[in-house]
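All remarks here apply to the structure that follows.
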Amino acid sequence: MPEGRKTRKMSEIKLFDLYIGNRRKGPSSWQKSAERDFGITQAHFHGKSGEIARTGIFAPDISVGALIHDARRDVVYALDEALTLPGRHLGGGGQVVAFRRDPATGQLEEFSRSPSFGTLPAYAALDTRGEFLVVVHHTGHTPITRTRRRADGEIAIEVEFDEAGTVLFPLAPDGALMPPSDIFRHQGSGALPAQSHPQLHGIARAPGSDFFVVCDKGADTIHFFGLDRRGRKLLHRDDMTIAAPAGSSPRYCVFHPSLPIFYVNFETAPLIQAYRYDAAGAVEHIQSLAPLPEAAAQSLKIMQSDLCIHPNGQRLYSLIRGSESVAVLEIAPHDGTLRPVQHMALGVENARGAAISPDGRHFAVAALVSRDVSVWAMDEDGNILPQPRRYPQHHPGCVLFVPR
């Protein structure tokens, strides 16, 4: 955006559907549960006032880790973040559930359900044509112990964990999930005790391109993939893999809506990184910075969770657990570099998921432990205004806005 130009006004849409993914917390999210009060809560969201009116709940048997909207078909995909498939005592992993959306009412109708082919599916992304869904898996922390005899004759102990896979699902014309056509199995570990194996947490696709970034917080690695449509395969770019700082746990990635820039935040380091990419697939690191000003960062525990970008491309937002706050960073219009401009205490506990309304006027936060969804108004530049509206919610883990 040229310097001196006034902020572009966002769409005048006034009514949205807000979908809240309800998720089990802690070890219970990795086990079966007899409770049936999770699933997806639907609400009507009034864009002018920020008011929420709940209208229904769908698929209450699943623990929703993420929600993805396919605008082309008006289909919502929900990831069932679980270790155990229905009908099994233990094991088998999570699920991907597809819902048709009624554009008049916002109600959801389940029409496709598939194993995710991994444990704790964490996030997913669609390709440019809506022909594939790519799903990444966090995996659990439950090990199995094996033994093997080494070349010197000694017997060694080997500890193994669930496979961390990036899984490629072809989609039927209506958006139903077909059997997976490819799986990339990740390897490695990190510097921290909890980083015993790969733990994939985020995936994002570049606008207008089948260029995917995957964050592996377990192995401190940022991966890049392309797509072979004819062969229905993932193209892992081994030559581009980035080793993140030791013990940093890269968590989420987002792409700028118009600049060839993407951003990564980190769960166990006070760090956000910016990268430039080009059509040939080359990636260049351009900036590393703390999400908060130095004075604030020194006095707070920084454990970043969700990461999102304003539709106008002028602000980046990183949720921070521990301090239960949000860091707002200004994005330079020419080169995409960042500058901290706001730090807002959220007044919640375990701020896990966030979303910005499509008109750029509201910022919603799902807080899992304090069990509420808070909605903050935003000014024209994307700064968060005080005095949010708060709505009790049983198990909110993620939020998704869809225009009506």
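Chain lettering (A, B, ...) mirrors the order of the structure tokens, residue numbering begins at 1 for each chain separately, and ligand numbering begins at 1 in order of display.
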
Fill in: Per-residue DSSP, segment 58-245 of chain A, filtered to strand (DSSP E or B), as a ChimeraX atom specification
/A:58,64-70,75-80,84,92,95-101,108-115,121-126,132-137,144-149,155-160,165-171,177,182-185,200-205,212-216,221-228,233-236,242-243

Item to complete: Extract, using only C-alpha atoms, all DNA, RNA and protein residues at most 7 Å from Arg237 of chain A, discarding same-chain residues fewer than 2 positions from it, and format them as JSON, numbers by chain.
Response: {"A": [224, 225, 235, 239, 240, 241]}

Dump as a PDB file, in the first residue's frame, selection limited to N, CA, C and O atoms:
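File written: out10.pdb
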```
ATOM      1  N   PHE A 224       8.517 -27.147   3.849  1.00  0.00           N
ATOM      2  CA  PHE A 224       7.851 -26.572   2.685  1.00  0.00           C
ATOM      3  C   PHE A 224       7.431 -27.699   1.737  1.00  0.00           C
ATOM      4  O   PHE A 224       8.185 -28.652   1.512  1.00  0.00           O
ATOM      5  N   PHE A 225       6.217 -27.553   1.188  1.00  0.00           N
ATOM      6  CA  PHE A 225       5.674 -28.559   0.282  1.00  0.00           C
ATOM      7  C   PHE A 225       5.092 -27.892  -0.958  1.00  0.00           C
ATOM      8  O   PHE A 225       4.540 -26.793  -0.899  1.00  0.00           O
ATOM      9  N   LEU A 235       4.976 -32.757  -2.567  1.00  0.00           N
ATOM     10  CA  LEU A 235       6.363 -32.555  -2.978  1.00  0.00           C
ATOM     11  C   LEU A 235       7.101 -31.872  -1.838  1.00  0.00           C
ATOM     12  O   LEU A 235       7.011 -30.643  -1.671  1.00  0.00           O
ATOM     13  N   ASP A 239      15.383 -29.213   0.071  1.00  0.00           N
ATOM     14  CA  ASP A 239      16.391 -28.178  -0.081  1.00  0.00           C
ATOM     15  C   ASP A 239      16.020 -26.886   0.630  1.00  0.00           C
ATOM     16  O   ASP A 239      16.881 -26.019   0.839  1.00  0.00           O
ATOM     17  N   MET A 240      14.758 -26.740   1.021  1.00  0.00           N
ATOM     18  CA  MET A 240      14.298 -25.496   1.622  1.00  0.00           C
ATOM     19  C   MET A 240      14.049 -25.601   3.124  1.00  0.00           C
ATOM     20  O   MET A 240      13.768 -24.596   3.783  1.00  0.00           O
ATOM     21  N   THR A 241      14.112 -26.807   3.692  1.00  0.00           N
ATOM     22  CA  THR A 241      13.778 -26.998   5.110  1.00  0.00           C
ATOM     23  C   THR A 241      14.607 -26.069   5.988  1.00  0.00           C
ATOM     24  O   THR A 241      15.822 -25.945   5.816  1.00  0.00           O
TER      25      THR A 241
END
```

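Comparing A:Leu316, A:Val348, A:Asp306, A:His395 by their smallest distance to Asn383 of chain A, the closest is A:Leu316 (using only C-alpha atoms).
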
Worksheet entry | Within 7 Å of segment 270-278 of chain A using only C-alpha atoms, minus same-chain residues under 4 positions, as a PyMOL selection string | chain A and resi 260-266+282-291+302+337

I need the residues from that last selection saved to file as a PDB file, in the first residue's frame (with C-alpha atoms), if you can.
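The result, stored in selection.pdb:
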```pdb
ATOM      1  CA  PRO A 260       5.105 -12.315  -0.789  1.00  0.00           C
ATOM      2  CA  ILE A 261       5.743 -12.603   2.954  1.00  0.00           C
ATOM      3  CA  PHE A 262       4.852 -15.136   5.632  1.00  0.00           C
ATOM      4  CA  TYR A 263       5.213 -15.059   9.406  1.00  0.00           C
ATOM      5  CA  VAL A 264       5.908 -17.777  11.993  1.00  0.00           C
ATOM      6  CA  ASN A 265       5.394 -17.606  15.750  1.00  0.00           C
ATOM      7  CA  PHE A 266       6.949 -19.878  18.367  1.00  0.00           C
ATOM      8  CA  ALA A 282      13.035 -19.507  -2.842  1.00  0.00           C
ATOM      9  CA  VAL A 283      12.660 -18.387   0.779  1.00  0.00           C
ATOM     10  CA  GLU A 284      14.627 -15.625   2.487  1.00  0.00           C
ATOM     11  CA  HIS A 285      14.596 -14.800   6.196  1.00  0.00           C
ATOM     12  CA  ILE A 286      14.081 -11.057   6.591  1.00  0.00           C
ATOM     13  CA  GLN A 287      13.370 -10.445  10.302  1.00  0.00           C
ATOM     14  CA  SER A 288      13.337 -11.942  13.793  1.00  0.00           C
ATOM     15  CA  LEU A 289      11.875  -9.991  16.691  1.00  0.00           C
ATOM     16  CA  ALA A 290      10.153 -10.327  20.033  1.00  0.00           C
ATOM     17  CA  PRO A 291       6.350 -10.033  19.876  1.00  0.00           C
ATOM     18  CA  ILE A 302       5.564 -15.611  26.715  1.00  0.00           C
ATOM     19  CA  THR A 337       8.659  -6.105   8.300  1.00  0.00           C
TER      20      THR A 337
END
```

Practice prompt. Mind giving me the straight-line distance from atom CA of Ser249 of chain A to atom CA of Gly202 of chain A in Å, one decimal?
Written response: 11.1 Å

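Reported to one decimal place, the separation of atom CA of Ala98 of chain A from atom CA of Ile356 of chain A is 22.5 Å.
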
With only C-alpha atoms as the counted atoms, please give the residues lying no more than 6 Å from Leu108 of chain A, apart from itself and same-chain residues fewer than 3 positions off, as a PDB file with N, CA, C and O atoms, in the first residue's frame.
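Generated file (result-v4.pdb):
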```pdb
ATOM      1  N   PHE A  99     -18.853 -30.763   6.695  1.00  0.00           N
ATOM      2  CA  PHE A  99     -20.226 -30.303   6.874  1.00  0.00           C
ATOM      3  C   PHE A  99     -20.625 -29.388   5.728  1.00  0.00           C
ATOM      4  O   PHE A  99     -19.891 -28.458   5.383  1.00  0.00           O
ATOM      5  N   ARG A 100     -21.792 -29.646   5.139  1.00  0.00           N
ATOM      6  CA  ARG A 100     -22.395 -28.668   4.245  1.00  0.00           C
ATOM      7  C   ARG A 100     -22.976 -27.535   5.088  1.00  0.00           C
ATOM      8  O   ARG A 100     -23.523 -27.771   6.163  1.00  0.00           O
ATOM      9  N   ARG A 101     -22.899 -26.336   4.565  1.00  0.00           N
ATOM     10  CA  ARG A 101     -23.396 -25.180   5.293  1.00  0.00           C
ATOM     11  C   ARG A 101     -24.592 -24.586   4.550  1.00  0.00           C
ATOM     12  O   ARG A 101     -24.530 -24.337   3.352  1.00  0.00           O
TER      13      ARG A 101
END
```

Would you mind listing what lies within 9 Å of segment 15-22 of chain A as a PDB file with N, CA, C and O atoms, in the first residue's frame, with only C-alpha atoms counted and same-chain residues fewer than 5 positions away left out?
```pdb
ATOM      1  N   ASP A  37     -20.626 -33.059  24.783  1.00  0.00           N
ATOM      2  CA  ASP A  37     -20.950 -31.634  24.778  1.00  0.00           C
ATOM      3  C   ASP A  37     -19.808 -30.826  24.159  1.00  0.00           C
ATOM      4  O   ASP A  37     -19.512 -29.729  24.583  1.00  0.00           O
ATOM      5  N   PHE A  38     -19.195 -31.395  23.138  1.00  0.00           N
ATOM      6  CA  PHE A  38     -18.120 -30.696  22.444  1.00  0.00           C
ATOM      7  C   PHE A  38     -18.636 -30.294  21.055  1.00  0.00           C
ATOM      8  O   PHE A  38     -19.649 -29.632  20.950  1.00  0.00           O
ATOM      9  N   GLY A  39     -17.981 -30.697  19.999  1.00  0.00           N
ATOM     10  CA  GLY A  39     -18.480 -30.392  18.659  1.00  0.00           C
ATOM     11  C   GLY A  39     -18.361 -28.920  18.288  1.00  0.00           C
ATOM     12  O   GLY A  39     -17.496 -28.197  18.773  1.00  0.00           O
ATOM     13  N   ILE A  40     -19.257 -28.474  17.401  1.00  0.00           N
ATOM     14  CA  ILE A  40     -19.219 -27.117  16.856  1.00  0.00           C
ATOM     15  C   ILE A  40     -20.456 -26.358  17.299  1.00  0.00           C
ATOM     16  O   ILE A  40     -21.587 -26.776  17.037  1.00  0.00           O
ATOM     17  N   THR A  41     -20.260 -25.243  17.965  1.00  0.00           N
ATOM     18  CA  THR A  41     -21.360 -24.344  18.311  1.00  0.00           C
ATOM     19  C   THR A  41     -21.507 -23.302  17.203  1.00  0.00           C
ATOM     20  O   THR A  41     -20.531 -22.660  16.816  1.00  0.00           O
ATOM     21  N   GLN A  42     -22.721 -23.162  16.692  1.00  0.00           N
ATOM     22  CA  GLN A  42     -23.005 -22.131  15.691  1.00  0.00           C
ATOM     23  C   GLN A  42     -23.653 -20.935  16.371  1.00  0.00           C
ATOM     24  O   GLN A  42     -24.483 -21.085  17.283  1.00  0.00           O
ATOM     25  N   ALA A  43     -23.263 -19.753  15.941  1.00  0.00           N
ATOM     26  CA  ALA A  43     -23.869 -18.534  16.466  1.00  0.00           C
ATOM     27  C   ALA A  43     -24.002 -17.516  15.342  1.00  0.00           C
ATOM     28  O   ALA A  43     -23.200 -17.504  14.399  1.00  0.00           O
ATOM     29  N   HIS A  44     -25.016 -16.670  15.429  1.00  0.00           N
ATOM     30  CA  HIS A  44     -25.121 -15.516  14.543  1.00  0.00           C
ATOM     31  C   HIS A  44     -24.333 -14.370  15.183  1.00  0.00           C
ATOM     32  O   HIS A  44     -24.467 -14.101  16.377  1.00  0.00           O
ATOM     33  N   PHE A  45     -23.523 -13.720  14.376  1.00  0.00           N
ATOM     34  CA  PHE A  45     -22.671 -12.644  14.862  1.00  0.00           C
ATOM     35  C   PHE A  45     -23.061 -11.350  14.160  1.00  0.00           C
ATOM     36  O   PHE A  45     -23.037 -11.273  12.931  1.00  0.00           O
ATOM     37  N   HIS A  46     -23.425 -10.346  14.944  1.00  0.00           N
ATOM     38  CA  HIS A  46     -23.831  -9.055  14.399  1.00  0.00           C
ATOM     39  C   HIS A  46     -22.598  -8.151  14.299  1.00  0.00           C
ATOM     40  O   HIS A  46     -22.038  -7.733  15.309  1.00  0.00           O
ATOM     41  N   GLY A  47     -22.206  -7.886  13.057  1.00  0.00           N
ATOM     42  CA  GLY A  47     -20.972  -7.180  12.821  1.00  0.00           C
ATOM     43  C   GLY A  47     -20.932  -5.768  13.367  1.00  0.00           C
ATOM     44  O   GLY A  47     -19.874  -5.261  13.696  1.00  0.00           O
ATOM     45  N   LYS A  48     -22.072  -5.117  13.469  1.00  0.00           N
ATOM     46  CA  LYS A  48     -22.074  -3.743  13.968  1.00  0.00           C
ATOM     47  C   LYS A  48     -21.900  -3.688  15.471  1.00  0.00           C
ATOM     48  O   LYS A  48     -21.133  -2.882  15.997  1.00  0.00           O
ATOM     49  N   ILE A  52     -23.319 -11.880  19.957  1.00  0.00           N
ATOM     50  CA  ILE A  52     -23.400 -13.276  19.545  1.00  0.00           C
ATOM     51  C   ILE A  52     -24.740 -13.846  19.995  1.00  0.00           C
ATOM     52  O   ILE A  52     -25.151 -13.648  21.139  1.00  0.00           O
ATOM     53  N   ARG A  54     -26.287 -17.646  19.984  1.00  0.00           N
ATOM     54  CA  ARG A  54     -26.073 -19.060  19.651  1.00  0.00           C
ATOM     55  C   ARG A  54     -27.344 -19.656  19.069  1.00  0.00           C
ATOM     56  O   ARG A  54     -28.446 -19.378  19.537  1.00  0.00           O
ATOM     57  N   PRO A  60     -21.569 -33.231  18.421  1.00  0.00           N
ATOM     58  CA  PRO A  60     -21.073 -33.034  19.787  1.00  0.00           C
ATOM     59  C   PRO A  60     -20.130 -34.137  20.259  1.00  0.00           C
ATOM     60  O   PRO A  60     -19.582 -34.029  21.365  1.00  0.00           O
ATOM     61  N   ILE A  62     -17.262 -34.925  18.774  1.00  0.00           N
ATOM     62  CA  ILE A  62     -15.874 -34.701  18.379  1.00  0.00           C
ATOM     63  C   ILE A  62     -15.245 -33.563  19.181  1.00  0.00           C
ATOM     64  O   ILE A  62     -15.920 -32.628  19.613  1.00  0.00           O
ATOM     65  N   SER A  63     -13.937 -33.676  19.401  1.00  0.00           N
ATOM     66  CA  SER A  63     -13.141 -32.652  20.071  1.00  0.00           C
ATOM     67  C   SER A  63     -12.446 -31.839  18.990  1.00  0.00           C
ATOM     68  O   SER A  63     -11.501 -32.309  18.350  1.00  0.00           O
ATOM     69  N   VAL A  64     -12.915 -30.624  18.767  1.00  0.00           N
ATOM     70  CA  VAL A  64     -12.526 -29.870  17.573  1.00  0.00           C
ATOM     71  C   VAL A  64     -11.202 -29.137  17.806  1.00  0.00           C
ATOM     72  O   VAL A  64     -11.107 -28.245  18.642  1.00  0.00           O
ATOM     73  N   GLY A  65     -10.209 -29.520  17.025  1.00  0.00           N
ATOM     74  CA  GLY A  65      -8.918 -28.857  17.111  1.00  0.00           C
ATOM     75  C   GLY A  65      -8.790 -27.675  16.175  1.00  0.00           C
ATOM     76  O   GLY A  65      -8.076 -26.721  16.466  1.00  0.00           O
ATOM     77  N   ALA A  66      -9.477 -27.731  15.029  1.00  0.00           N
ATOM     78  CA  ALA A  66      -9.412 -26.628  14.057  1.00  0.00           C
ATOM     79  C   ALA A  66     -10.615 -26.704  13.132  1.00  0.00           C
ATOM     80  O   ALA A  66     -11.188 -27.778  12.918  1.00  0.00           O
ATOM     81  N   LEU A  67     -10.985 -25.540  12.572  1.00  0.00           N
ATOM     82  CA  LEU A  67     -12.082 -25.418  11.615  1.00  0.00           C
ATOM     83  C   LEU A  67     -11.551 -24.722  10.365  1.00  0.00           C
ATOM     84  O   LEU A  67     -10.864 -23.700  10.458  1.00  0.00           O
ATOM     85  N   ALA A  78     -13.916 -29.942  10.004  1.00  0.00           N
ATOM     86  CA  ALA A  78     -13.538 -29.925  11.420  1.00  0.00           C
ATOM     87  C   ALA A  78     -12.571 -31.065  11.679  1.00  0.00           C
ATOM     88  O   ALA A  78     -12.777 -32.192  11.202  1.00  0.00           O
ATOM     89  N   THR A 105     -29.185 -20.018   6.787  1.00  0.00           N
ATOM     90  CA  THR A 105     -29.293 -20.159   8.244  1.00  0.00           C
ATOM     91  C   THR A 105     -27.954 -20.363   8.937  1.00  0.00           C
ATOM     92  O   THR A 105     -27.850 -20.174  10.149  1.00  0.00           O
ATOM     93  N   GLY A 106     -26.942 -20.780   8.186  1.00  0.00           N
ATOM     94  CA  GLY A 106     -25.652 -21.102   8.783  1.00  0.00           C
ATOM     95  C   GLY A 106     -25.581 -22.486   9.403  1.00  0.00           C
ATOM     96  O   GLY A 106     -24.529 -22.885   9.900  1.00  0.00           O
ATOM     97  N   SER A 357     -13.024 -10.947  12.145  1.00  0.00           N
ATOM     98  CA  SER A 357     -14.203 -10.962  11.282  1.00  0.00           C
ATOM     99  C   SER A 357     -13.807 -10.516   9.871  1.00  0.00           C
ATOM    100  O   SER A 357     -12.876  -9.718   9.701  1.00  0.00           O
ATOM    101  N   PRO A 358     -14.487 -11.033   8.839  1.00  0.00           N
ATOM    102  CA  PRO A 358     -14.099 -10.701   7.460  1.00  0.00           C
ATOM    103  C   PRO A 358     -14.116  -9.217   7.128  1.00  0.00           C
ATOM    104  O   PRO A 358     -13.421  -8.792   6.207  1.00  0.00           O
ATOM    105  N   ALA A 366     -11.010 -17.408  21.734  1.00  0.00           N
ATOM    106  CA  ALA A 366     -11.553 -18.568  22.443  1.00  0.00           C
ATOM    107  C   ALA A 366     -10.596 -18.941  23.568  1.00  0.00           C
ATOM    108  O   ALA A 366      -9.423 -19.236  23.312  1.00  0.00           O
ATOM    109  N   LEU A 368      -9.907 -21.544  26.574  1.00  0.00           N
ATOM    110  CA  LEU A 368     -10.338 -22.893  26.909  1.00  0.00           C
ATOM    111  C   LEU A 368     -10.577 -23.087  28.396  1.00  0.00           C
ATOM    112  O   LEU A 368     -11.551 -23.728  28.801  1.00  0.00           O
ATOM    113  N   VAL A 373     -15.782 -16.947  25.181  1.00  0.00           N
ATOM    114  CA  VAL A 373     -15.379 -16.312  23.928  1.00  0.00           C
ATOM    115  C   VAL A 373     -15.522 -14.820  24.136  1.00  0.00           C
ATOM    116  O   VAL A 373     -16.585 -14.339  24.541  1.00  0.00           O
ATOM    117  N   GLN A 393     -18.782 -20.014  27.305  1.00  0.00           N
ATOM    118  CA  GLN A 393     -18.789 -21.097  26.322  1.00  0.00           C
ATOM    119  C   GLN A 393     -18.122 -22.309  26.961  1.00  0.00           C
ATOM    120  O   GLN A 393     -17.080 -22.175  27.601  1.00  0.00           O
ATOM    121  N   HIS A 394     -18.705 -23.483  26.762  1.00  0.00           N
ATOM    122  CA  HIS A 394     -18.304 -24.650  27.549  1.00  0.00           C
ATOM    123  C   HIS A 394     -16.844 -25.046  27.344  1.00  0.00           C
ATOM    124  O   HIS A 394     -16.085 -25.179  28.286  1.00  0.00           O
ATOM    125  N   HIS A 395     -16.414 -25.249  26.105  1.00  0.00           N
ATOM    126  CA  HIS A 395     -15.048 -25.729  25.854  1.00  0.00           C
ATOM    127  C   HIS A 395     -14.436 -25.056  24.622  1.00  0.00           C
ATOM    128  O   HIS A 395     -13.997 -25.733  23.702  1.00  0.00           O
ATOM    129  N   PRO A 396     -14.377 -23.742  24.531  1.00  0.00           N
ATOM    130  CA  PRO A 396     -13.948 -23.127  23.267  1.00  0.00           C
ATOM    131  C   PRO A 396     -12.450 -23.282  23.017  1.00  0.00           C
ATOM    132  O   PRO A 396     -11.618 -22.948  23.856  1.00  0.00           O
ATOM    133  N   GLY A 397     -12.123 -23.806  21.817  1.00  0.00           N
ATOM    134  CA  GLY A 397     -10.714 -23.953  21.463  1.00  0.00           C
ATOM    135  C   GLY A 397     -10.323 -23.204  20.199  1.00  0.00           C
ATOM    136  O   GLY A 397      -9.177 -22.852  20.024  1.00  0.00           O
ATOM    137  N   CYS A 398     -11.307 -22.978  19.297  1.00  0.00           N
ATOM    138  CA  CYS A 398     -11.018 -22.242  18.067  1.00  0.00           C
ATOM    139  C   CYS A 398     -12.290 -21.560  17.592  1.00  0.00           C
ATOM    140  O   CYS A 398     -13.399 -21.920  18.010  1.00  0.00           O
ATOM    141  N   VAL A 399     -12.128 -20.559  16.732  1.00  0.00           N
ATOM    142  CA  VAL A 399     -13.269 -19.795  16.218  1.00  0.00           C
ATOM    143  C   VAL A 399     -13.090 -19.577  14.723  1.00  0.00           C
ATOM    144  O   VAL A 399     -11.962 -19.454  14.222  1.00  0.00           O
ATOM    145  N   LEU A 400     -14.222 -19.504  14.019  1.00  0.00           N
ATOM    146  CA  LEU A 400     -14.218 -19.307  12.566  1.00  0.00           C
ATOM    147  C   LEU A 400     -15.379 -18.392  12.186  1.00  0.00           C
ATOM    148  O   LEU A 400     -16.531 -18.664  12.557  1.00  0.00           O
ATOM    149  N   PHE A 401     -15.085 -17.303  11.470  1.00  0.00           N
ATOM    150  CA  PHE A 401     -16.126 -16.430  10.916  1.00  0.00           C
ATOM    151  C   PHE A 401     -16.410 -16.826   9.467  1.00  0.00           C
ATOM    152  O   PHE A 401     -15.494 -17.096   8.688  1.00  0.00           O
ATOM    153  N   VAL A 402     -17.699 -16.821   9.100  1.00  0.00           N
ATOM    154  CA  VAL A 402     -18.104 -17.028   7.705  1.00  0.00           C
ATOM    155  C   VAL A 402     -19.170 -15.992   7.380  1.00  0.00           C
ATOM    156  O   VAL A 402     -20.156 -15.852   8.119  1.00  0.00           O
ATOM    157  N   PRO A 403     -19.019 -15.243   6.281  1.00  0.00           N
ATOM    158  CA  PRO A 403     -20.036 -14.220   5.924  1.00  0.00           C
ATOM    159  C   PRO A 403     -21.384 -14.871   5.628  1.00  0.00           C
ATOM    160  O   PRO A 403     -21.463 -15.971   5.086  1.00  0.00           O
ATOM    161  N   ARG A 404     -22.441 -14.156   5.973  1.00  0.00           N
ATOM    162  CA  ARG A 404     -23.811 -14.584   5.645  1.00  0.00           C
ATOM    163  C   ARG A 404     -24.206 -14.001   4.302  1.00  0.00           C
ATOM    164  O   ARG A 404     -23.818 -12.912   3.930  1.00  0.00           O
TER     165      ARG A 404
END
```

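The gap separating atom CA of Lys217 of chain A from atom CA of Thr268 of chain A is 9.0 Å, in Å to one decimal.
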
Item to complete: Might you pull out every residue within 12 Å of Ile309 of chain A, with only C-alpha atoms counted and same-chain residues fewer than 2 positions away left off, and present them as number ranges by chain?
Response: A: 252-258, 261-264, 306-307, 311-319, 327-331, 336, 338, 354-358, 360, 363, 382-383

Export of prior selection with N, CA and C atoms as a compact mmCIF listing (two decimals), in the first residue's frame:
```
# COMPACT_ATOMS: atom_id res chain seq x y z
N TYR A 252 2.67 -21.65 14.52
CA TYR A 252 1.75 -21.30 13.45
C TYR A 252 2.45 -20.45 12.40
N CYS A 253 1.90 -20.49 11.20
CA CYS A 253 2.36 -19.68 10.09
C CYS A 253 1.16 -19.01 9.44
N VAL A 254 1.32 -17.75 9.02
CA VAL A 254 0.29 -17.06 8.22
C VAL A 254 0.97 -16.32 7.09
N PHE A 255 0.26 -16.23 5.95
CA PHE A 255 0.75 -15.49 4.79
C PHE A 255 0.10 -14.12 4.74
N HIS A 256 0.88 -13.15 4.29
CA HIS A 256 0.33 -11.82 4.04
C HIS A 256 -0.64 -11.92 2.86
N PRO A 257 -1.77 -11.17 2.88
CA PRO A 257 -2.76 -11.29 1.80
C PRO A 257 -2.29 -10.76 0.45
N SER A 258 -1.29 -9.87 0.42
CA SER A 258 -0.88 -9.31 -0.87
C SER A 258 0.64 -9.27 -1.08
N ILE A 261 5.16 -12.50 1.61
CA ILE A 261 5.74 -12.60 2.95
C ILE A 261 4.91 -13.57 3.77
N PHE A 262 5.58 -14.37 4.62
CA PHE A 262 4.85 -15.14 5.63
C PHE A 262 5.54 -14.99 6.97
N TYR A 263 4.76 -15.26 8.04
CA TYR A 263 5.21 -15.06 9.41
C TYR A 263 5.04 -16.35 10.20
N VAL A 264 5.95 -16.60 11.13
CA VAL A 264 5.91 -17.78 11.99
C VAL A 264 6.04 -17.32 13.44
N ASP A 306 -2.20 -18.81 19.07
CA ASP A 306 -2.68 -18.58 17.71
C ASP A 306 -2.02 -17.34 17.08
N LEU A 307 -2.03 -17.33 15.74
CA LEU A 307 -1.44 -16.25 14.96
C LEU A 307 -2.39 -15.92 13.82
N PRO A 311 -7.33 -8.57 7.59
CA PRO A 311 -7.62 -8.62 6.15
C PRO A 311 -6.99 -7.50 5.34
N ASN A 312 -6.74 -6.35 5.98
CA ASN A 312 -6.12 -5.25 5.23
C ASN A 312 -4.60 -5.36 5.17
N GLY A 313 -4.03 -6.38 5.82
CA GLY A 313 -2.60 -6.61 5.76
C GLY A 313 -1.76 -5.65 6.56
N GLN A 314 -2.37 -4.88 7.47
CA GLN A 314 -1.63 -3.86 8.22
C GLN A 314 -1.23 -4.28 9.63
N ARG A 315 -1.82 -5.36 10.15
CA ARG A 315 -1.53 -5.79 11.51
C ARG A 315 -1.41 -7.31 11.58
N LEU A 316 -0.49 -7.77 12.46
CA LEU A 316 -0.33 -9.18 12.78
C LEU A 316 -0.62 -9.34 14.27
N TYR A 317 -1.30 -10.44 14.65
CA TYR A 317 -1.73 -10.65 16.03
C TYR A 317 -1.24 -12.02 16.50
N SER A 318 -0.60 -12.04 17.65
CA SER A 318 -0.13 -13.30 18.23
C SER A 318 -0.68 -13.42 19.65
N LEU A 319 -1.48 -14.46 19.90
CA LEU A 319 -1.97 -14.72 21.25
C LEU A 319 -0.84 -15.22 22.12
N ALA A 327 -0.33 -9.74 21.38
CA ALA A 327 0.65 -8.80 20.85
C ALA A 327 0.19 -8.39 19.45
N VAL A 328 0.16 -7.09 19.21
CA VAL A 328 -0.23 -6.56 17.91
C VAL A 328 1.00 -5.91 17.29
N LEU A 329 1.29 -6.31 16.05
CA LEU A 329 2.47 -5.79 15.35
C LEU A 329 2.05 -5.12 14.05
N GLU A 330 2.59 -3.94 13.80
CA GLU A 330 2.34 -3.23 12.56
C GLU A 330 3.18 -3.83 11.45
N ILE A 331 2.58 -4.00 10.27
CA ILE A 331 3.27 -4.55 9.11
C ILE A 331 3.62 -3.42 8.16
N GLY A 336 6.97 -5.65 4.43
CA GLY A 336 6.37 -6.64 5.31
C GLY A 336 7.04 -6.81 6.65
N LEU A 338 8.02 -6.05 10.62
CA LEU A 338 7.11 -5.88 11.75
C LEU A 338 7.64 -4.90 12.78
N ALA A 354 -7.98 -17.65 17.94
CA ALA A 354 -8.42 -16.29 17.61
C ALA A 354 -8.83 -16.22 16.15
N ALA A 355 -9.67 -15.25 15.83
CA ALA A 355 -10.09 -15.00 14.45
C ALA A 355 -10.52 -13.55 14.33
N ILE A 356 -10.37 -13.01 13.13
CA ILE A 356 -10.80 -11.65 12.82
C ILE A 356 -11.99 -11.74 11.88
N SER A 357 -13.02 -10.95 12.14
CA SER A 357 -14.20 -10.96 11.28
C SER A 357 -13.81 -10.52 9.87
N PRO A 358 -14.49 -11.03 8.84
CA PRO A 358 -14.10 -10.70 7.46
C PRO A 358 -14.12 -9.22 7.13
N GLY A 360 -12.99 -7.02 9.14
CA GLY A 360 -11.86 -6.43 9.84
C GLY A 360 -12.22 -5.59 11.04
N PHE A 363 -12.29 -8.78 16.73
CA PHE A 363 -11.28 -9.78 17.05
C PHE A 363 -11.87 -10.69 18.11
N GLY A 382 -6.91 -1.58 12.54
CA GLY A 382 -6.74 -2.92 13.09
C GLY A 382 -6.23 -2.95 14.51
N ASN A 383 -6.17 -1.82 15.19
CA ASN A 383 -5.83 -1.81 16.61
C ASN A 383 -7.03 -2.27 17.42
```

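Distances to Arg73 of chain A were evaluated for A:Asp182, A:Glu51, A:Glu131, A:Asp372 using only C-alpha atoms, and the minimum falls at A:Glu131.
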
Practice prompt. Just the residues within 12 Å of Gln387 of chain A, please, counting only C-alpha atoms, with nothing from its chain fewer than 4 positions along; format it as a VMD selection string.
Written response: chain A and resid 50 344 to 347 374 to 378
